[in-house]
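Asks: One structure follows; several queries about it will come next.
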Amino acid sequence: MMGQMQEKINKESFVLDENDNNGLILNNLYIPEEVLASVLYYVDHKSLVKCMSVCKRWNQLIRNYVWRKKSETIVGRLLPADDEHLPWSLHYLICKPHGPFERNLVKNHSGSEGLKKHWHIIRNQGNQWAIEEPPCGVPALPETEPLFHERKTCFVTSYHYCSKTQTINLIKEGLTPHILDEVQPPIQFSEWYSARYDCGAIYECLVTLLKNDDEVLTSFEFADSLTDEKQHVWLQVNHIFQNYGRGLRKIKLWHQGKDIRYWYGHYGSKMAGACIKVKIPLFQDDKKEK
C-alpha cells in the first residue's frame, strides 16, 4: 500500500506547473522560456545533458525542444514537433559528437591497419589475402570517396577463394534497443571492388542483419563477374535496409573473391572502402513527400 502511494506521489510530482516560474528565475531576474531555450541551444552536448538535471522545467524544455532544434541544424531542415515516432533520445544521438549516425561502422575498411585487424578470415586459399598500397593493375581509387583521402589501400584475393567477415554490434556503437526497434533507422551498405586490366575476377558479398541470438532478420547478397568492360575500373555495390523489423542488434559483413584464370600471385578481385552507415531516419514529413 505504501509502495503504491509513493509511486503515485512520484508520478504526480513530475507534472510541471506551467504557471510556476521555477527554472525561469536566475539571479532574481525572470527569463522567458523562449530566451532560456535560445541560450540552452548553444550549450555543448555534454553540458546540455547535465543541464537536464537542473529542474523539471529545464528537463522538459531540453527534451521537447532544444535537442530537436539542435538536430534540425544537423539535418538541415525543420522537423515536426509532434512526431511521436521520434523520441527525444533520437535527437540526442543525432547531436552527439561521434555518435552512431552517418559514420562508417566498418573498422579497417580497406586494410590500412593490416589484414586481420577487426576482420575474421574464413578462407585464405591460393596465395592468400594480401593488401596493396596503392592497388596494382587498376586505376587509382576514386578521389570522390572520402574513405580514401588518407590512405590508398585495398584488399586483394588470389587464384582460389579468399573470404572474411566482420560483425558490428550496434548497441556498442551507441544505438539503443528502443530506437532500433521502434524507429528502425535506414542502414546503408556500400563497397568498392575491382579487377585487374589483364585478369578477370569474381566478387561476392553478403550483409546480414541479426538479432542478439544471431537469428537472421534480413540479408542482402550480391555477386559480380568482372570481365571485359568490368575490368580495370572501380565499381561500387550499394544497398539500403529499411523496415527490417524489431530485434536488430548486429550486422555481419562477409565478402570474398578470386581470379578466373588461376594465375599464381594476387590477380583476384580487390575490395576497398567497405562501409555500413546507420542513416538519420526519415521523418514523417519526408515520408509524405516520398
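Just so we're on the same page: first chain in the C-alpha cells is A, next is B, and so on; residues restart at 1 for each chain, and ligands are numbered from 1 in the order they show up.
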Need to verify the contact set: Pro185 (chain A), 7 Å, only C-alpha atoms, exclusion of same-chain residues closer than 3 positions in sequence. Can you return it as a list in words?

Replies: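 Close residues of Pro185 (chain A): Leu180, Val278, Lys279, Ile280 and Pro281 of chain A.
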
Asks: Excluding Thr167 (chain A) and any residue of its chain fewer than 6 positions from it, enumerate the residues within 8 Å of it, using only C-alpha atoms, and give them as a PyMOL selection string.

Replies: chain A and resi 250-253

Asks: Near Val183 (chain A), counting only C-alpha atoms, which residues have an atom at most 9 Å away, once you skip same-chain residues fewer than 6 positions from it, shown as a short mmCIF file (atom, residue, chain, number, x, y, z; two decimals) with C-alpha atoms, in the first residue's frame?

Replies:
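What landed in out31.cif:
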data_model
loop_
_atom_site.label_atom_id
_atom_site.label_comp_id
_atom_site.auth_asym_id
_atom_site.auth_seq_id
_atom_site.Cartn_x
_atom_site.Cartn_y
_atom_site.Cartn_z
CA HIS A 85 7.59 8.23 -33.93
CA LEU A 86 10.77 10.04 -32.89
CA PRO A 87 11.78 10.02 -29.19
CA LEU A 90 16.96 10.10 -31.23
CA PRO A 281 15.79 8.25 -40.23
#

Asks: As a PDB file with N, CA, C and O atoms, in the first residue's frame, please: every residue in region 1-248 of chain A that DSSP puts in strand (DSSP E or B).

Replies:
ATOM      1  N   ILE A  25      13.800  31.834 -13.000  1.00  0.00           N
ATOM      2  CA  ILE A  25      14.338  32.934 -12.200  1.00  0.00           C
ATOM      3  C   ILE A  25      15.821  32.690 -11.972  1.00  0.00           C
ATOM      4  O   ILE A  25      16.216  31.709 -11.336  1.00  0.00           O
ATOM      5  N   LEU A  26      16.652  33.542 -12.515  1.00  0.00           N
ATOM      6  CA  LEU A  26      18.094  33.432 -12.341  1.00  0.00           C
ATOM      7  C   LEU A  26      18.616  34.768 -11.817  1.00  0.00           C
ATOM      8  O   LEU A  26      18.382  35.818 -12.433  1.00  0.00           O
ATOM      9  N   LEU A  29      16.205  37.513 -11.581  1.00  0.00           N
ATOM     10  CA  LEU A  29      15.683  38.045 -12.841  1.00  0.00           C
ATOM     11  C   LEU A  29      14.851  36.974 -13.542  1.00  0.00           C
ATOM     12  O   LEU A  29      15.236  35.810 -13.596  1.00  0.00           O
ATOM     13  N   TYR A  30      13.707  37.401 -14.070  1.00  0.00           N
ATOM     14  CA  TYR A  30      12.843  36.482 -14.798  1.00  0.00           C
ATOM     15  C   TYR A  30      13.328  36.368 -16.252  1.00  0.00           C
ATOM     16  O   TYR A  30      13.520  37.369 -16.939  1.00  0.00           O
ATOM     17  N   PHE A 101      25.150   7.785 -35.861  1.00  0.00           N
ATOM     18  CA  PHE A 101      24.561   8.084 -37.166  1.00  0.00           C
ATOM     19  C   PHE A 101      25.589   8.638 -38.149  1.00  0.00           C
ATOM     20  O   PHE A 101      26.498   9.377 -37.787  1.00  0.00           O
ATOM     21  N   HIS A 120      37.727 -11.326 -39.467  1.00  0.00           N
ATOM     22  CA  HIS A 120      37.907 -12.760 -39.214  1.00  0.00           C
ATOM     23  C   HIS A 120      38.009 -13.468 -40.562  1.00  0.00           C
ATOM     24  O   HIS A 120      37.056 -13.461 -41.356  1.00  0.00           O
ATOM     25  N   ILE A 121      39.166 -14.051 -40.848  1.00  0.00           N
ATOM     26  CA  ILE A 121      39.383 -14.709 -42.144  1.00  0.00           C
ATOM     27  C   ILE A 121      38.722 -16.083 -42.148  1.00  0.00           C
ATOM     28  O   ILE A 121      38.949 -16.903 -41.255  1.00  0.00           O
ATOM     29  N   ILE A 122      37.909 -16.329 -43.165  1.00  0.00           N
ATOM     30  CA  ILE A 122      37.199 -17.602 -43.319  1.00  0.00           C
ATOM     31  C   ILE A 122      37.958 -18.530 -44.265  1.00  0.00           C
ATOM     32  O   ILE A 122      38.251 -19.678 -43.939  1.00  0.00           O
ATOM     33  N   ARG A 123      38.254 -18.030 -45.459  1.00  0.00           N
ATOM     34  CA  ARG A 123      39.011 -18.804 -46.451  1.00  0.00           C
ATOM     35  C   ARG A 123      40.231 -17.979 -46.868  1.00  0.00           C
ATOM     36  O   ARG A 123      40.123 -16.784 -47.090  1.00  0.00           O
ATOM     37  N   ASN A 124      41.377 -18.681 -46.995  1.00  0.00           N
ATOM     38  CA  ASN A 124      42.628 -17.987 -47.289  1.00  0.00           C
ATOM     39  C   ASN A 124      43.441 -18.852 -48.258  1.00  0.00           C
ATOM     40  O   ASN A 124      44.576 -19.242 -47.974  1.00  0.00           O
ATOM     41  N   ALA A 130      45.942 -10.476 -49.380  1.00  0.00           N
ATOM     42  CA  ALA A 130      47.061  -9.537 -49.303  1.00  0.00           C
ATOM     43  C   ALA A 130      46.500  -8.118 -49.318  1.00  0.00           C
ATOM     44  O   ALA A 130      45.309  -7.901 -49.582  1.00  0.00           O
ATOM     45  N   ILE A 131      47.351  -7.168 -49.018  1.00  0.00           N
ATOM     46  CA  ILE A 131      46.992  -5.750 -49.057  1.00  0.00           C
ATOM     47  C   ILE A 131      47.914  -5.050 -50.043  1.00  0.00           C
ATOM     48  O   ILE A 131      49.123  -5.301 -50.065  1.00  0.00           O
ATOM     49  N   GLU A 132      47.342  -4.207 -50.868  1.00  0.00           N
ATOM     50  CA  GLU A 132      48.124  -3.439 -51.832  1.00  0.00           C
ATOM     51  C   GLU A 132      48.009  -1.943 -51.526  1.00  0.00           C
ATOM     52  O   GLU A 132      46.918  -1.444 -51.251  1.00  0.00           O
ATOM     53  N   CYS A 154      43.950  -1.366 -50.484  1.00  0.00           N
ATOM     54  CA  CYS A 154      42.824  -2.259 -50.782  1.00  0.00           C
ATOM     55  C   CYS A 154      43.203  -3.679 -50.399  1.00  0.00           C
ATOM     56  O   CYS A 154      44.389  -4.030 -50.291  1.00  0.00           O
ATOM     57  N   PHE A 155      42.189  -4.507 -50.161  1.00  0.00           N
ATOM     58  CA  PHE A 155      42.375  -5.943 -50.008  1.00  0.00           C
ATOM     59  C   PHE A 155      42.410  -6.568 -51.404  1.00  0.00           C
ATOM     60  O   PHE A 155      41.710  -6.107 -52.309  1.00  0.00           O
ATOM     61  N   VAL A 156      43.192  -7.638 -51.579  1.00  0.00           N
ATOM     62  CA  VAL A 156      43.247  -8.323 -52.867  1.00  0.00           C
ATOM     63  C   VAL A 156      43.258  -9.826 -52.642  1.00  0.00           C
ATOM     64  O   VAL A 156      43.855 -10.325 -51.681  1.00  0.00           O
ATOM     65  N   CYS A 162      39.177 -16.404 -51.403  1.00  0.00           N
ATOM     66  CA  CYS A 162      39.581 -15.783 -50.138  1.00  0.00           C
ATOM     67  C   CYS A 162      38.356 -15.054 -49.596  1.00  0.00           C
ATOM     68  O   CYS A 162      37.733 -14.264 -50.315  1.00  0.00           O
ATOM     69  N   SER A 163      37.996 -15.317 -48.350  1.00  0.00           N
ATOM     70  CA  SER A 163      36.815 -14.671 -47.766  1.00  0.00           C
ATOM     71  C   SER A 163      37.085 -14.289 -46.321  1.00  0.00           C
ATOM     72  O   SER A 163      37.927 -14.886 -45.647  1.00  0.00           O
ATOM     73  N   LYS A 164      36.357 -13.274 -45.833  1.00  0.00           N
ATOM     74  CA  LYS A 164      36.487 -12.840 -44.446  1.00  0.00           C
ATOM     75  C   LYS A 164      35.206 -12.136 -44.009  1.00  0.00           C
ATOM     76  O   LYS A 164      34.371 -11.764 -44.847  1.00  0.00           O
ATOM     77  N   THR A 165      35.052 -11.953 -42.700  1.00  0.00           N
ATOM     78  CA  THR A 165      33.837 -11.353 -42.154  1.00  0.00           C
ATOM     79  C   THR A 165      34.190 -10.320 -41.088  1.00  0.00           C
ATOM     80  O   THR A 165      35.276 -10.329 -40.511  1.00  0.00           O
ATOM     81  N   GLN A 166      33.230  -9.460 -40.828  1.00  0.00           N
ATOM     82  CA  GLN A 166      33.308  -8.526 -39.707  1.00  0.00           C
ATOM     83  C   GLN A 166      31.894  -8.335 -39.167  1.00  0.00           C
ATOM     84  O   GLN A 166      30.951  -8.158 -39.948  1.00  0.00           O
ATOM     85  N   THR A 167      31.760  -8.392 -37.842  1.00  0.00           N
ATOM     86  CA  THR A 167      30.456  -8.234 -37.203  1.00  0.00           C
ATOM     87  C   THR A 167      30.432  -6.934 -36.399  1.00  0.00           C
ATOM     88  O   THR A 167      31.352  -6.658 -35.625  1.00  0.00           O
ATOM     89  N   ILE A 168      29.381  -6.158 -36.592  1.00  0.00           N
ATOM     90  CA  ILE A 168      29.219  -4.870 -35.924  1.00  0.00           C
ATOM     91  C   ILE A 168      28.126  -4.996 -34.871  1.00  0.00           C
ATOM     92  O   ILE A 168      26.999  -5.405 -35.180  1.00  0.00           O
ATOM     93  N   ASN A 169      28.453  -4.649 -33.637  1.00  0.00           N
ATOM     94  CA  ASN A 169      27.481  -4.634 -32.547  1.00  0.00           C
ATOM     95  C   ASN A 169      26.903  -3.224 -32.444  1.00  0.00           C
ATOM     96  O   ASN A 169      27.594  -2.289 -32.040  1.00  0.00           O
ATOM     97  N   ILE A 187      19.650   1.562 -42.895  1.00  0.00           N
ATOM     98  CA  ILE A 187      21.043   1.136 -42.807  1.00  0.00           C
ATOM     99  C   ILE A 187      21.581   0.977 -44.220  1.00  0.00           C
ATOM    100  O   ILE A 187      21.014   0.227 -45.029  1.00  0.00           O
ATOM    101  N   GLN A 188      22.655   1.683 -44.512  1.00  0.00           N
ATOM    102  CA  GLN A 188      23.212   1.677 -45.863  1.00  0.00           C
ATOM    103  C   GLN A 188      24.531   0.915 -45.901  1.00  0.00           C
ATOM    104  O   GLN A 188      25.414   1.127 -45.064  1.00  0.00           O
ATOM    105  N   PHE A 189      24.646   0.024 -46.891  1.00  0.00           N
ATOM    106  CA  PHE A 189      25.898  -0.707 -47.130  1.00  0.00           C
ATOM    107  C   PHE A 189      26.440  -0.324 -48.493  1.00  0.00           C
ATOM    108  O   PHE A 189      25.690  -0.151 -49.463  1.00  0.00           O
ATOM    109  N   SER A 190      27.772  -0.195 -48.570  1.00  0.00           N
ATOM    110  CA  SER A 190      28.424   0.021 -49.854  1.00  0.00           C
ATOM    111  C   SER A 190      29.846  -0.513 -49.788  1.00  0.00           C
ATOM    112  O   SER A 190      30.438  -0.618 -48.703  1.00  0.00           O
ATOM    113  N   GLU A 191      30.392  -0.861 -50.950  1.00  0.00           N
ATOM    114  CA  GLU A 191      31.795  -1.270 -51.035  1.00  0.00           C
ATOM    115  C   GLU A 191      32.265  -1.120 -52.475  1.00  0.00           C
ATOM    116  O   GLU A 191      31.520  -1.362 -53.418  1.00  0.00           O
ATOM    117  N   TRP A 192      33.520  -0.698 -52.630  1.00  0.00           N
ATOM    118  CA  TRP A 192      34.149  -0.615 -53.935  1.00  0.00           C
ATOM    119  C   TRP A 192      34.870  -1.923 -54.234  1.00  0.00           C
ATOM    120  O   TRP A 192      35.444  -2.545 -53.337  1.00  0.00           O
ATOM    121  N   TYR A 193      34.837  -2.349 -55.495  1.00  0.00           N
ATOM    122  CA  TYR A 193      35.526  -3.573 -55.893  1.00  0.00           C
ATOM    123  C   TYR A 193      36.035  -3.416 -57.323  1.00  0.00           C
ATOM    124  O   TYR A 193      35.529  -2.593 -58.105  1.00  0.00           O
ATOM    125  N   SER A 194      37.041  -4.220 -57.682  1.00  0.00           N
ATOM    126  CA  SER A 194      37.664  -4.066 -58.999  1.00  0.00           C
ATOM    127  C   SER A 194      38.410  -5.339 -59.397  1.00  0.00           C
ATOM    128  O   SER A 194      38.632  -6.229 -58.563  1.00  0.00           O
ATOM    129  N   ALA A 201      37.950 -11.487 -62.718  1.00  0.00           N
ATOM    130  CA  ALA A 201      37.820 -11.930 -61.327  1.00  0.00           C
ATOM    131  C   ALA A 201      36.350 -12.050 -60.940  1.00  0.00           C
ATOM    132  O   ALA A 201      35.452 -11.647 -61.690  1.00  0.00           O
ATOM    133  N   ILE A 202      36.137 -12.593 -59.754  1.00  0.00           N
ATOM    134  CA  ILE A 202      34.795 -12.738 -59.175  1.00  0.00           C
ATOM    135  C   ILE A 202      34.765 -12.015 -57.830  1.00  0.00           C
ATOM    136  O   ILE A 202      35.690 -12.141 -57.031  1.00  0.00           O
ATOM    137  N   TYR A 203      33.700 -11.266 -57.620  1.00  0.00           N
ATOM    138  CA  TYR A 203      33.495 -10.580 -56.341  1.00  0.00           C
ATOM    139  C   TYR A 203      32.126 -10.968 -55.793  1.00  0.00           C
ATOM    140  O   TYR A 203      31.132 -11.015 -56.538  1.00  0.00           O
ATOM    141  N   GLU A 204      32.052 -11.257 -54.482  1.00  0.00           N
ATOM    142  CA  GLU A 204      30.793 -11.610 -53.831  1.00  0.00           C
ATOM    143  C   GLU A 204      30.737 -10.968 -52.444  1.00  0.00           C
ATOM    144  O   GLU A 204      31.768 -10.815 -51.787  1.00  0.00           O
ATOM    145  N   CYS A 205      29.527 -10.612 -52.022  1.00  0.00           N
ATOM    146  CA  CYS A 205      29.364 -10.089 -50.660  1.00  0.00           C
ATOM    147  C   CYS A 205      27.996 -10.477 -50.120  1.00  0.00           C
ATOM    148  O   CYS A 205      27.049 -10.749 -50.880  1.00  0.00           O
ATOM    149  N   LEU A 206      27.899 -10.491 -48.793  1.00  0.00           N
ATOM    150  CA  LEU A 206      26.651 -10.802 -48.097  1.00  0.00           C
ATOM    151  C   LEU A 206      26.603  -9.962 -46.828  1.00  0.00           C
ATOM    152  O   LEU A 206      27.533 -10.004 -46.017  1.00  0.00           O
ATOM    153  N   VAL A 207      25.534  -9.199 -46.670  1.00  0.00           N
ATOM    154  CA  VAL A 207      25.328  -8.390 -45.466  1.00  0.00           C
ATOM    155  C   VAL A 207      24.078  -8.915 -44.770  1.00  0.00           C
ATOM    156  O   VAL A 207      23.003  -8.988 -45.387  1.00  0.00           O
ATOM    157  N   THR A 208      24.202  -9.268 -43.501  1.00  0.00           N
ATOM    158  CA  THR A 208      23.110  -9.890 -42.760  1.00  0.00           C
ATOM    159  C   THR A 208      22.783  -9.086 -41.518  1.00  0.00           C
ATOM    160  O   THR A 208      23.681  -8.739 -40.741  1.00  0.00           O
ATOM    161  N   LEU A 209      21.506  -8.776 -41.327  1.00  0.00           N
ATOM    162  CA  LEU A 209      21.041  -8.114 -40.107  1.00  0.00           C
ATOM    163  C   LEU A 209      20.618  -9.189 -39.116  1.00  0.00           C
ATOM    164  O   LEU A 209      19.799 -10.059 -39.439  1.00  0.00           O
ATOM    165  N   LEU A 210      21.173  -9.124 -37.899  1.00  0.00           N
ATOM    166  CA  LEU A 210      20.997 -10.198 -36.926  1.00  0.00           C
ATOM    167  C   LEU A 210      20.385  -9.703 -35.619  1.00  0.00           C
ATOM    168  O   LEU A 210      20.612  -8.559 -35.203  1.00  0.00           O
ATOM    169  N   VAL A 216      18.508 -14.448 -38.113  1.00  0.00           N
ATOM    170  CA  VAL A 216      18.572 -13.545 -39.256  1.00  0.00           C
ATOM    171  C   VAL A 216      17.251 -12.800 -39.426  1.00  0.00           C
ATOM    172  O   VAL A 216      16.186 -13.418 -39.520  1.00  0.00           O
ATOM    173  N   LEU A 217      17.332 -11.468 -39.473  1.00  0.00           N
ATOM    174  CA  LEU A 217      16.164 -10.655 -39.777  1.00  0.00           C
ATOM    175  C   LEU A 217      15.982 -10.522 -41.287  1.00  0.00           C
ATOM    176  O   LEU A 217      14.900 -10.739 -41.820  1.00  0.00           O
ATOM    177  N   THR A 218      17.039 -10.130 -41.958  1.00  0.00           N
ATOM    178  CA  THR A 218      17.031  -9.999 -43.414  1.00  0.00           C
ATOM    179  C   THR A 218      18.472  -9.938 -43.888  1.00  0.00           C
ATOM    180  O   THR A 218      19.394  -9.776 -43.079  1.00  0.00           O
ATOM    181  N   SER A 219      18.681 -10.047 -45.188  1.00  0.00           N
ATOM    182  CA  SER A 219      20.046 -10.018 -45.705  1.00  0.00           C
ATOM    183  C   SER A 219      20.055  -9.478 -47.128  1.00  0.00           C
ATOM    184  O   SER A 219      19.016  -9.408 -47.801  1.00  0.00           O
ATOM    185  N   PHE A 220      21.237  -9.100 -47.577  1.00  0.00           N
ATOM    186  CA  PHE A 220      21.461  -8.642 -48.946  1.00  0.00           C
ATOM    187  C   PHE A 220      22.656  -9.396 -49.501  1.00  0.00           C
ATOM    188  O   PHE A 220      23.724  -9.425 -48.890  1.00  0.00           O
ATOM    189  N   GLU A 221      22.472 -10.028 -50.657  1.00  0.00           N
ATOM    190  CA  GLU A 221      23.533 -10.820 -51.279  1.00  0.00           C
ATOM    191  C   GLU A 221      23.810 -10.276 -52.677  1.00  0.00           C
ATOM    192  O   GLU A 221      22.883  -9.918 -53.413  1.00  0.00           O
ATOM    193  N   PHE A 222      25.087 -10.236 -53.035  1.00  0.00           N
ATOM    194  CA  PHE A 222      25.481  -9.666 -54.322  1.00  0.00           C
ATOM    195  C   PHE A 222      26.688 -10.412 -54.868  1.00  0.00           C
ATOM    196  O   PHE A 222      27.581 -10.803 -54.112  1.00  0.00           O
ATOM    197  N   ALA A 223      26.706 -10.631 -56.189  1.00  0.00           N
ATOM    198  CA  ALA A 223      27.845 -11.268 -56.841  1.00  0.00           C
ATOM    199  C   ALA A 223      28.037 -10.628 -58.209  1.00  0.00           C
ATOM    200  O   ALA A 223      27.072 -10.244 -58.873  1.00  0.00           O
ATOM    201  N   ASP A 224      29.295 -10.524 -58.648  1.00  0.00           N
ATOM    202  CA  ASP A 224      29.584  -9.911 -59.934  1.00  0.00           C
ATOM    203  C   ASP A 224      30.783 -10.606 -60.564  1.00  0.00           C
ATOM    204  O   ASP A 224      31.775 -10.910 -59.884  1.00  0.00           O
ATOM    205  N   SER A 225      30.669 -10.875 -61.871  1.00  0.00           N
ATOM    206  CA  SER A 225      31.766 -11.437 -62.650  1.00  0.00           C
ATOM    207  C   SER A 225      32.461 -10.295 -63.379  1.00  0.00           C
ATOM    208  O   SER A 225      31.841  -9.614 -64.213  1.00  0.00           O
ATOM    209  N   LEU A 226      33.712 -10.071 -63.068  1.00  0.00           N
ATOM    210  CA  LEU A 226      34.433  -8.907 -63.564  1.00  0.00           C
ATOM    211  C   LEU A 226      35.270  -9.286 -64.785  1.00  0.00           C
ATOM    212  O   LEU A 226      36.439  -9.681 -64.667  1.00  0.00           O
ATOM    213  N   LEU A 235      34.129  -0.360 -59.351  1.00  0.00           N
ATOM    214  CA  LEU A 235      32.667  -0.428 -59.286  1.00  0.00           C
ATOM    215  C   LEU A 235      32.248  -0.365 -57.815  1.00  0.00           C
ATOM    216  O   LEU A 235      33.034  -0.678 -56.925  1.00  0.00           O
ATOM    217  N   GLN A 236      31.009   0.007 -57.589  1.00  0.00           N
ATOM    218  CA  GLN A 236      30.519   0.094 -56.211  1.00  0.00           C
ATOM    219  C   GLN A 236      29.169  -0.589 -56.083  1.00  0.00           C
ATOM    220  O   GLN A 236      28.270  -0.387 -56.900  1.00  0.00           O
ATOM    221  N   VAL A 237      29.035  -1.406 -55.049  1.00  0.00           N
ATOM    222  CA  VAL A 237      27.760  -2.028 -54.723  1.00  0.00           C
ATOM    223  C   VAL A 237      27.115  -1.217 -53.603  1.00  0.00           C
ATOM    224  O   VAL A 237      27.792  -0.771 -52.679  1.00  0.00           O
ATOM    225  N   ASN A 238      25.803  -1.019 -53.702  1.00  0.00           N
ATOM    226  CA  ASN A 238      25.062  -0.228 -52.707  1.00  0.00           C
ATOM    227  C   ASN A 238      23.754  -0.933 -52.360  1.00  0.00           C
ATOM    228  O   ASN A 238      23.115  -1.533 -53.230  1.00  0.00           O
ATOM    229  N   HIS A 239      23.368  -0.818 -51.111  1.00  0.00           N
ATOM    230  CA  HIS A 239      22.057  -1.347 -50.695  1.00  0.00           C
ATOM    231  C   HIS A 239      21.627  -0.634 -49.424  1.00  0.00           C
ATOM    232  O   HIS A 239      22.450  -0.330 -48.556  1.00  0.00           O
ATOM    233  N   ILE A 240      20.324  -0.362 -49.304  1.00  0.00           N
ATOM    234  CA  ILE A 240      19.759   0.255 -48.106  1.00  0.00           C
ATOM    235  C   ILE A 240      18.703  -0.668 -47.502  1.00  0.00           C
ATOM    236  O   ILE A 240      17.765  -1.090 -48.196  1.00  0.00           O
ATOM    237  N   PHE A 241      18.864  -0.996 -46.235  1.00  0.00           N
ATOM    238  CA  PHE A 241      17.881  -1.784 -45.492  1.00  0.00           C
ATOM    239  C   PHE A 241      16.876  -0.833 -44.838  1.00  0.00           C
ATOM    240  O   PHE A 241      17.263   0.132 -44.179  1.00  0.00           O
TER     241      PHE A 241
END

Asks: Leaving out region 56-70 of chain A and any residue of its chain fewer than 5 positions from it, which residues lie within 8 Å of it when counting only C-alpha atoms, given as a list in words?

Replies: Phe14, Leu16, Asn22, Gly23, Ala37, Leu40, Tyr41, Leu48, Cys51, Leu79, Ala81, Trp88, His91, Tyr92 and Cys95 of chain A

Asks: Quick one: write out the picked residues with N, CA and C atoms as a JSON list (two decimals), in the first residue's frame?

Replies:
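What ended up in part22.json:
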[["chain", "number", "residue", "atom", "x", "y", "z"],
["A", 14, "PHE", "N", 5.96, 14.82, -10.84],
["A", 14, "PHE", "CA", 6.67, 15.11, -12.07],
["A", 14, "PHE", "C", 5.87, 16.01, -13.00],
["A", 16, "LEU", "N", 4.49, 19.19, -14.48],
["A", 16, "LEU", "CA", 5.03, 20.55, -14.46],
["A", 16, "LEU", "C", 3.89, 21.57, -14.41],
["A", 22, "ASN", "N", 9.47, 28.37, -11.53],
["A", 22, "ASN", "CA", 10.65, 27.60, -11.17],
["A", 22, "ASN", "C", 11.48, 27.29, -12.42],
["A", 23, "GLY", "N", 12.75, 27.60, -12.37],
["A", 23, "GLY", "CA", 13.63, 27.37, -13.51],
["A", 23, "GLY", "C", 13.77, 28.57, -14.42],
["A", 37, "ALA", "N", 15.46, 28.87, -23.82],
["A", 37, "ALA", "CA", 15.66, 27.83, -24.84],
["A", 37, "ALA", "C", 16.73, 28.25, -25.84],
["A", 40, "LEU", "N", 20.12, 27.81, -24.14],
["A", 40, "LEU", "CA", 20.47, 26.40, -24.00],
["A", 40, "LEU", "C", 20.83, 25.76, -25.34],
["A", 41, "TYR", "N", 20.31, 26.28, -26.42],
["A", 41, "TYR", "CA", 20.62, 25.76, -27.76],
["A", 41, "TYR", "C", 22.13, 25.81, -28.03],
["A", 48, "LEU", "N", 24.88, 20.08, -21.91],
["A", 48, "LEU", "CA", 23.42, 20.11, -22.03],
["A", 48, "LEU", "C", 22.79, 18.91, -21.33],
["A", 51, "CYS", "N", 22.55, 19.85, -17.83],
["A", 51, "CYS", "CA", 21.51, 20.86, -17.62],
["A", 51, "CYS", "C", 20.13, 20.22, -17.45],
["A", 79, "LEU", "N", 11.94, 20.12, -38.40],
["A", 79, "LEU", "CA", 11.43, 18.80, -38.08],
["A", 79, "LEU", "C", 10.11, 18.94, -37.32],
["A", 81, "ALA", "N", 7.36, 18.84, -34.59],
["A", 81, "ALA", "CA", 7.49, 18.86, -33.14],
["A", 81, "ALA", "C", 6.61, 17.80, -32.47],
["A", 88, "TRP", "N", 12.92, 11.80, -27.97],
["A", 88, "TRP", "CA", 13.94, 12.82, -27.79],
["A", 88, "TRP", "C", 15.34, 12.22, -27.84],
["A", 91, "HIS", "N", 17.01, 12.55, -31.23],
["A", 91, "HIS", "CA", 17.63, 13.85, -31.47],
["A", 91, "HIS", "C", 18.95, 13.97, -30.70],
["A", 92, "TYR", "N", 18.96, 13.43, -29.49],
["A", 92, "TYR", "CA", 20.19, 13.44, -28.67],
["A", 92, "TYR", "C", 21.31, 12.71, -29.40],
["A", 95, "CYS", "N", 22.74, 14.57, -32.38],
["A", 95, "CYS", "CA", 23.60, 15.69, -31.99],
["A", 95, "CYS", "C", 24.91, 15.24, -31.36]]

Asks: For region 115-168 of chain A versus region 256-267 of chain A, which residues have an atom no more than 6 Å away, and what is each residue's nearest atom pair and distance in Å rounded to one decimal, using only C-alpha atoms, chain-then-number order, as a tab-separated table?

Replies:
residue	atom	partner	partner_atom	distance
A:Asn127	CA	A:Gly265	CA	5.8
A:Thr157	CA	A:Lys258	CA	5.4
A:Ser158	CA	A:His266	CA	4.5
A:Tyr159	CA	A:Tyr262	CA	4.5
A:His160	CA	A:Lys258	CA	5.5
A:Tyr161	CA	A:Lys258	CA	5.0
A:Cys162	CA	A:Gln256	CA	5.4
A:Ser163	CA	A:Gln256	CA	4.0

Asks: Out of A:Ser53, A:His178, A:Gly268, A:Glu215, which residue has the shortest atom-to-atom distance to Gly126 (chain A) when counting only C-alpha atoms?

Replies: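 Closest to Gly126 (chain A) of all the choices is A:Gly268.
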
Asks: Quick one, how far is CA of Met52 (chain A) from CA of Glu102 (chain A)?

Replies: 25.7 Å

Asks: A:Leu248, A:Leu105, A:Leu36, A:Ile74: which is nearest Asp181 (chain A), counting only C-alpha atoms?

Replies: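 So, comparing all the options, the nearest one is A:Leu248.
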